[in-house]
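Notes for the one structure printed next.
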Amino acid sequence: MELPSFKNIIEAHHLIKEYIHRTPVLTSSAINNIIGSEIFFKCENLQKTGAFKFRGACNAVFSLTEEEAIRGVGTHSSGNHAAALALAARIRGIEAHIVMPSNSPEIKKKAVAGYGGIITYCEPTLQARESTLRNIAEKTGIVVVHPYNNPKVIAGQGTAAKELLEEIPHIDLVMCPVGGGGLLSGTALSVKAISPLSRVIAGEPSGADDAFRSFRAGFIIPSVQPKTIADGLLTSLGEINYAIISQNVDDIITVSEESIIKAMRLVWERMKLIIEPSSAVPLAALLENKETFRNLRIGIILSGGNVDLGNLPF
């Protein structure tokens with residue numbers, strides 16, 4: 001399969017710009033002082049459906065031909081991609097079948113239902129998710145939109161970094177979290193095209209460090225029994241994502257659960273922004289490595305803000 005390029009990100013941006021929010025880039029002098037750097041937060045927690053995932057879902061849904069669209073779309077997702085695909089499908093006027101693990105956060109179940117997604121619950125294993133979706137696809141003929149291992153999805157996710165660099169030039173480093181790699185691969189394509197001298201570094205929980213290990217090994221090492229509060233980062237890297245990441249990403253840094261919670265709380269308290277644990281992972285990497293990143297201009301993509309307010313870690 002041909003890998004997506006920055007040209008595809010430009011095309012995606014043109015296609016989806018009337019449906020997405022162009023999210024704000026915010027700063028915090030208090031956090032700058034703590035880290036010792038100038039940080040620009042791209043607030044995808046303020047995106048429709050509360051996460052960057054709406055960009056990729058929109059591009060995938062609105063890229064479908066009329067013949068494809070009439071069949072509807074489907075995916076398996078623990079939450080953010082599910083909600084994003086459900087809303088994108090509703091805007092286009094087609095059905096979205098969503099397979100969700102039974103242990104998905106309540107806020108994410110409610111969001112998917114609220115956006116009109118047709119939910120089928122399954123056991124919380126990747127095998128159950130994939131087999132359930134496969135059965136639905138065989139019965140209904142839906143177009144399956146993978147949460148991250150999909151060129152259209154990757155191109156859509158890359159529009160967040162494109163907007164960030166259009167607004168804030170001369171950035172030394174762009175950071176985002178990594179789970180399946182949709183956001184990271186799209187971000188890397190945009191950064192290396194617009195600002196080739198800028199570095200791209202991802203943060204990953206040490207309890208779910210398959211991307212970190214894959215990046216160093218030179219091949220995909222699947223995620224096995226990951227354990228982290230960052231529920232959006234539990235999946236293994238996709239093949240397309242890994243191919244882009246291995247060529248365009250400078251490093252992946254792992255962080256502790258304690259640092260993730262500390263970073264999450266810091267953004268809540270100092271910026272008055274609701275972010276989910278996955279979003280806090282890049283800032284956690286800065287908190288753990290202040291000397292390495294001192295005096296740099298750093299862009300961070302705050303990936304989402306869908307957190308269960310009845311189950312906060314602080």
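The way I read the labels, and the way they are meant: chains A, B, ... in the order of the structure tokens, residue 1 as the first residue of every chain, and ligand 1 as the first ligand shown, with later ones counted on from there.
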
Closest atom pairs, residues of range 150-216 of chain A within 12 Å of range 64-88 of chain A, only C-alpha atoms, as JSON lines:
```
{"residue": "A:Asn150", "atom": "CA", "partner": "A:Thr75", "partner_atom": "CA", "distance": 11.6}
{"residue": "A:Lys152", "atom": "CA", "partner": "A:Leu64", "partner_atom": "CA", "distance": 10.0}
{"residue": "A:Val153", "atom": "CA", "partner": "A:His81", "partner_atom": "CA", "distance": 10.0}
{"residue": "A:Gly156", "atom": "CA", "partner": "A:Ala84", "partner_atom": "CA", "distance": 11.9}
{"residue": "A:Gln157", "atom": "CA", "partner": "A:His81", "partner_atom": "CA", "distance": 11.3}
{"residue": "A:Gly180", "atom": "CA", "partner": "A:Ser77", "partner_atom": "CA", "distance": 11.3}
{"residue": "A:Gly182", "atom": "CA", "partner": "A:His81", "partner_atom": "CA", "distance": 10.7}
{"residue": "A:Leu183", "atom": "CA", "partner": "A:His81", "partner_atom": "CA", "distance": 11.6}
```

Residues near Ile229 in chain A, cut-off 12 Å, only C-alpha atoms, skip fewer than 4 positions along chain, as JSON, numbers by chain: {"A": [105, 204, 205, 206, 207, 208, 233, 234, 255, 256, 257, 258, 259, 260, 261, 264, 276, 277, 278, 279, 280, 281, 307, 308, 311, 312, 313, 314]}

Shell of 12 Å around Ala12 in chain A, only C-alpha atoms, local chain residues under 6 positions omitted, as a VMD selection string: chain A and resid 4 to 6 18 to 20 55 to 63 151 to 160 162 186 190

The selected residues should be written to file as a PDB file, in the first residue's frame (atoms: C-alpha atoms).
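So selection-v7.pdb came out as:
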```pdb
ATOM      1  CA  PRO A   4       0.145   8.866   2.608  1.00  0.00           C
ATOM      2  CA  SER A   5       2.139  12.057   1.987  1.00  0.00           C
ATOM      3  CA  PHE A   6       1.919  15.709   2.970  1.00  0.00           C
ATOM      4  CA  GLU A  18     -15.849  23.233   6.889  1.00  0.00           C
ATOM      5  CA  TYR A  19     -16.698  20.422   9.332  1.00  0.00           C
ATOM      6  CA  ILE A  20     -13.887  20.609  11.920  1.00  0.00           C
ATOM      7  CA  ARG A  55     -10.211  15.054  11.701  1.00  0.00           C
ATOM      8  CA  GLY A  56      -9.288  11.582  10.462  1.00  0.00           C
ATOM      9  CA  ALA A  57     -12.829  10.238  10.685  1.00  0.00           C
ATOM     10  CA  CYS A  58     -14.131  13.188   8.686  1.00  0.00           C
ATOM     11  CA  ASN A  59     -11.551  12.722   5.961  1.00  0.00           C
ATOM     12  CA  ALA A  60     -12.300   9.000   5.733  1.00  0.00           C
ATOM     13  CA  VAL A  61     -16.099   9.497   5.609  1.00  0.00           C
ATOM     14  CA  PHE A  62     -16.158  12.420   3.172  1.00  0.00           C
ATOM     15  CA  SER A  63     -13.618  10.723   0.877  1.00  0.00           C
ATOM     16  CA  PRO A 151      -4.188   6.431   4.887  1.00  0.00           C
ATOM     17  CA  LYS A 152      -7.266   8.720   4.898  1.00  0.00           C
ATOM     18  CA  VAL A 153      -7.372   8.720   8.697  1.00  0.00           C
ATOM     19  CA  ILE A 154      -3.635   9.473   8.949  1.00  0.00           C
ATOM     20  CA  ALA A 155      -3.950  12.357   6.464  1.00  0.00           C
ATOM     21  CA  GLY A 156      -6.808  13.834   8.474  1.00  0.00           C
ATOM     22  CA  GLN A 157      -4.886  13.603  11.744  1.00  0.00           C
ATOM     23  CA  GLY A 158      -1.923  15.368  10.129  1.00  0.00           C
ATOM     24  CA  THR A 159      -4.006  18.533   9.692  1.00  0.00           C
ATOM     25  CA  ALA A 160      -3.664  19.369  13.407  1.00  0.00           C
ATOM     26  CA  LYS A 162      -0.299  21.596   9.853  1.00  0.00           C
ATOM     27  CA  GLY A 186       0.206  12.344  10.476  1.00  0.00           C
ATOM     28  CA  SER A 190       3.266  17.584   8.379  1.00  0.00           C
TER      29      SER A 190
END
```

Taking 2 positions as the minimum chain separation for residues in the same chain, which residues sit within 9 Å of Ser102 in chain A when counting only C-alpha atoms? Answer as a compact mmCIF listing (two decimals) with C-alpha atoms, in the first residue's frame.
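Saved as part.txt:
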```txt
# COMPACT_ATOMS: atom_id res chain seq x y z
CA SER A 78 -12.77 2.16 22.87
CA MET A 100 -16.93 -1.11 21.63
CA SER A 104 -15.09 1.40 27.66
CA PRO A 105 -15.43 4.56 29.79
CA TYR A 121 -20.48 -4.40 22.76
CA CYS A 122 -17.84 -7.13 22.90
CA GLU A 123 -15.28 -8.63 25.27
CA PRO A 124 -12.38 -6.25 25.95
```

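Here the strand (DSSP E) residues in range 141-276 of chain A, by DSSP on the backbone, are Val143, Val144, Leu173, Val174, Met175, Cys176, Pro177, Arg199, Val200, Ile201, Ala202, Gly203, Glu204, Pro205, Asp251, Ile252, Ile253, Thr254 and Val255 of chain A.
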
With N, CA and C atoms kept, could you save the residues just selected as a short mmCIF file (atom, residue, chain, number, x, y, z; two decimals), in the first residue's frame?
```
data_model
loop_
_atom_site.label_atom_id
_atom_site.label_comp_id
_atom_site.auth_asym_id
_atom_site.auth_seq_id
_atom_site.Cartn_x
_atom_site.Cartn_y
_atom_site.Cartn_z
N VAL A 143 -18.33 -0.12 5.06
CA VAL A 143 -16.93 0.20 4.81
C VAL A 143 -16.25 0.32 6.17
N VAL A 144 -15.26 -0.52 6.42
CA VAL A 144 -14.56 -0.48 7.71
C VAL A 144 -13.52 0.63 7.69
N LEU A 173 10.56 21.66 18.22
CA LEU A 173 10.13 20.30 18.51
C LEU A 173 8.61 20.24 18.56
N VAL A 174 8.02 19.21 17.94
CA VAL A 174 6.58 18.97 18.05
C VAL A 174 6.39 17.62 18.73
N MET A 175 5.50 17.59 19.73
CA MET A 175 5.27 16.38 20.51
C MET A 175 3.79 16.00 20.49
N CYS A 176 3.54 14.70 20.54
CA CYS A 176 2.19 14.19 20.71
C CYS A 176 2.29 12.82 21.36
N PRO A 177 1.19 12.28 21.85
CA PRO A 177 1.23 10.92 22.37
C PRO A 177 1.21 9.89 21.25
N ARG A 199 12.22 18.76 15.21
CA ARG A 199 12.17 17.36 15.61
C ARG A 199 10.73 16.94 15.94
N VAL A 200 10.46 15.67 15.83
CA VAL A 200 9.18 15.09 16.22
C VAL A 200 9.45 14.01 17.25
N ILE A 201 8.88 14.17 18.44
CA ILE A 201 9.08 13.21 19.52
C ILE A 201 7.72 12.84 20.11
N ALA A 202 7.50 11.56 20.32
CA ALA A 202 6.25 11.10 20.93
C ALA A 202 6.47 10.71 22.37
N GLY A 203 5.41 10.84 23.18
CA GLY A 203 5.41 10.33 24.53
C GLY A 203 4.55 9.09 24.60
N GLU A 204 4.97 8.12 25.43
CA GLU A 204 4.23 6.87 25.57
C GLU A 204 4.32 6.39 27.01
N PRO A 205 3.24 5.87 27.57
CA PRO A 205 3.30 5.34 28.94
C PRO A 205 4.27 4.16 29.03
N ASP A 251 12.27 10.47 17.98
CA ASP A 251 12.41 9.67 19.20
C ASP A 251 11.04 9.41 19.82
N ILE A 252 10.97 8.39 20.66
CA ILE A 252 9.80 8.10 21.49
C ILE A 252 10.30 7.96 22.92
N ILE A 253 9.63 8.66 23.84
CA ILE A 253 10.04 8.70 25.24
C ILE A 253 8.94 8.10 26.10
N THR A 254 9.31 7.20 27.01
CA THR A 254 8.32 6.61 27.91
C THR A 254 8.27 7.38 29.23
N VAL A 255 7.09 7.37 29.84
CA VAL A 255 6.88 8.14 31.07
C VAL A 255 6.10 7.30 32.09
#
```

All residues 12 Å or closer to Ile171 in chain A, only C-alpha atoms, same chain fewer than 5 positions away omitted, as a list in words: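 In the requested form, the answer reads Ser37, Glu38, Ile39, Phe40, Phe41, Ala161, Leu164, Leu165, Glu166, Val191, Lys192, Ile194, Ser195, Pro196, Leu197, Ser198, Arg199, Val200, Asn295, Leu296, Arg297, Ile298, Gly299 and Ile300 of chain A.
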
How would the residues just chosen look if you wrote them out with N, CA and C atoms as a compact mmCIF listing (two decimals), in the first residue's frame?
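Dumped everything to out-v5.txt:
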```
# COMPACT_ATOMS: atom_id res chain seq x y z
N SER A 37 10.91 26.04 29.14
CA SER A 37 10.80 26.15 27.69
C SER A 37 9.54 26.94 27.34
N GLU A 38 9.41 27.28 26.05
CA GLU A 38 8.21 27.97 25.57
C GLU A 38 7.34 26.92 24.88
N ILE A 39 6.16 26.65 25.45
CA ILE A 39 5.33 25.56 24.97
C ILE A 39 4.04 26.10 24.37
N PHE A 40 3.69 25.56 23.21
CA PHE A 40 2.47 25.96 22.50
C PHE A 40 1.55 24.73 22.42
N PHE A 41 0.42 24.82 23.09
CA PHE A 41 -0.51 23.69 23.18
C PHE A 41 -1.59 23.81 22.10
N ALA A 161 -1.24 19.23 13.17
CA ALA A 161 0.12 19.77 13.17
C ALA A 161 0.30 20.82 12.08
N LEU A 164 -1.00 23.96 13.48
CA LEU A 164 -0.08 24.45 14.52
C LEU A 164 1.10 25.18 13.91
N LEU A 165 1.72 24.59 12.90
CA LEU A 165 2.91 25.20 12.29
C LEU A 165 2.58 26.40 11.42
N GLU A 166 1.37 26.46 10.89
CA GLU A 166 0.94 27.65 10.15
C GLU A 166 0.79 28.84 11.10
N VAL A 191 5.08 17.93 9.94
CA VAL A 191 6.24 18.65 10.49
C VAL A 191 7.43 18.56 9.54
N LYS A 192 7.73 17.38 9.04
CA LYS A 192 8.91 17.22 8.19
C LYS A 192 8.75 17.91 6.83
N ILE A 194 6.73 20.84 6.44
CA ILE A 194 6.63 22.29 6.65
C ILE A 194 7.89 22.84 7.31
N SER A 195 8.44 22.10 8.25
CA SER A 195 9.57 22.58 9.04
C SER A 195 10.59 21.45 9.21
N PRO A 196 11.34 21.14 8.16
CA PRO A 196 12.20 19.94 8.15
C PRO A 196 13.23 19.88 9.28
N LEU A 197 13.63 21.02 9.81
CA LEU A 197 14.63 21.01 10.88
C LEU A 197 14.03 20.77 12.26
N SER A 198 12.71 20.84 12.36
CA SER A 198 12.04 20.58 13.64
C SER A 198 12.05 19.09 13.93
N ARG A 199 12.22 18.76 15.21
CA ARG A 199 12.17 17.36 15.61
C ARG A 199 10.73 16.94 15.94
N VAL A 200 10.46 15.67 15.83
CA VAL A 200 9.18 15.09 16.22
C VAL A 200 9.45 14.01 17.25
N ASN A 295 14.85 25.64 27.21
CA ASN A 295 15.03 26.77 26.28
C ASN A 295 14.64 26.47 24.83
N LEU A 296 13.74 25.52 24.64
CA LEU A 296 13.26 25.22 23.29
C LEU A 296 11.85 25.76 23.08
N ARG A 297 11.49 25.95 21.81
CA ARG A 297 10.10 26.26 21.44
C ARG A 297 9.45 24.93 21.05
N ILE A 298 8.45 24.54 21.84
CA ILE A 298 7.89 23.20 21.73
C ILE A 298 6.38 23.27 21.48
N GLY A 299 5.93 22.58 20.44
CA GLY A 299 4.51 22.44 20.19
C GLY A 299 4.03 21.10 20.72
N ILE A 300 2.94 21.11 21.47
CA ILE A 300 2.35 19.87 21.98
C ILE A 300 0.91 19.78 21.49
```

Contacts of Glu239 in chain A within 9 Å, only C-alpha atoms, excl. fewer than 5 positions in-chain, as an NGL selection string: :A and (149 or 220 or 244)

Members of range 11-245 of chain A assigned helix (DSSP H, G or I) by DSSP, as a PyMOL selection string: chain A and resi 11-16+29-35+44-46+48-50+53-62+66-69+80-92+106-114+126-140+151-167+182-194+206-208+210-217+231-233+239-245

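For the residues A:Leu189, A:Leu266, A:Ile35, A:Val99, ranking by smallest atom-to-atom distance to Ile136 in chain A using only C-alpha atoms places A:Val99 first.
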
For CA of Leu126 in chain A and CA of Lys53 in chain A, the interatomic separation in Å (one decimal):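 These two atoms are separated by 19.5 Å.
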
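Atom pair CA of Val112 in chain A / CA of Ala51 in chain A: separated by 12.9 Å.
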
Selected residue, from A:Pro169, A:Gly93, A:Pro24, A:Gly50, that lies nearest to Ser303 in chain A when counting only C-alpha atoms: A:Gly50
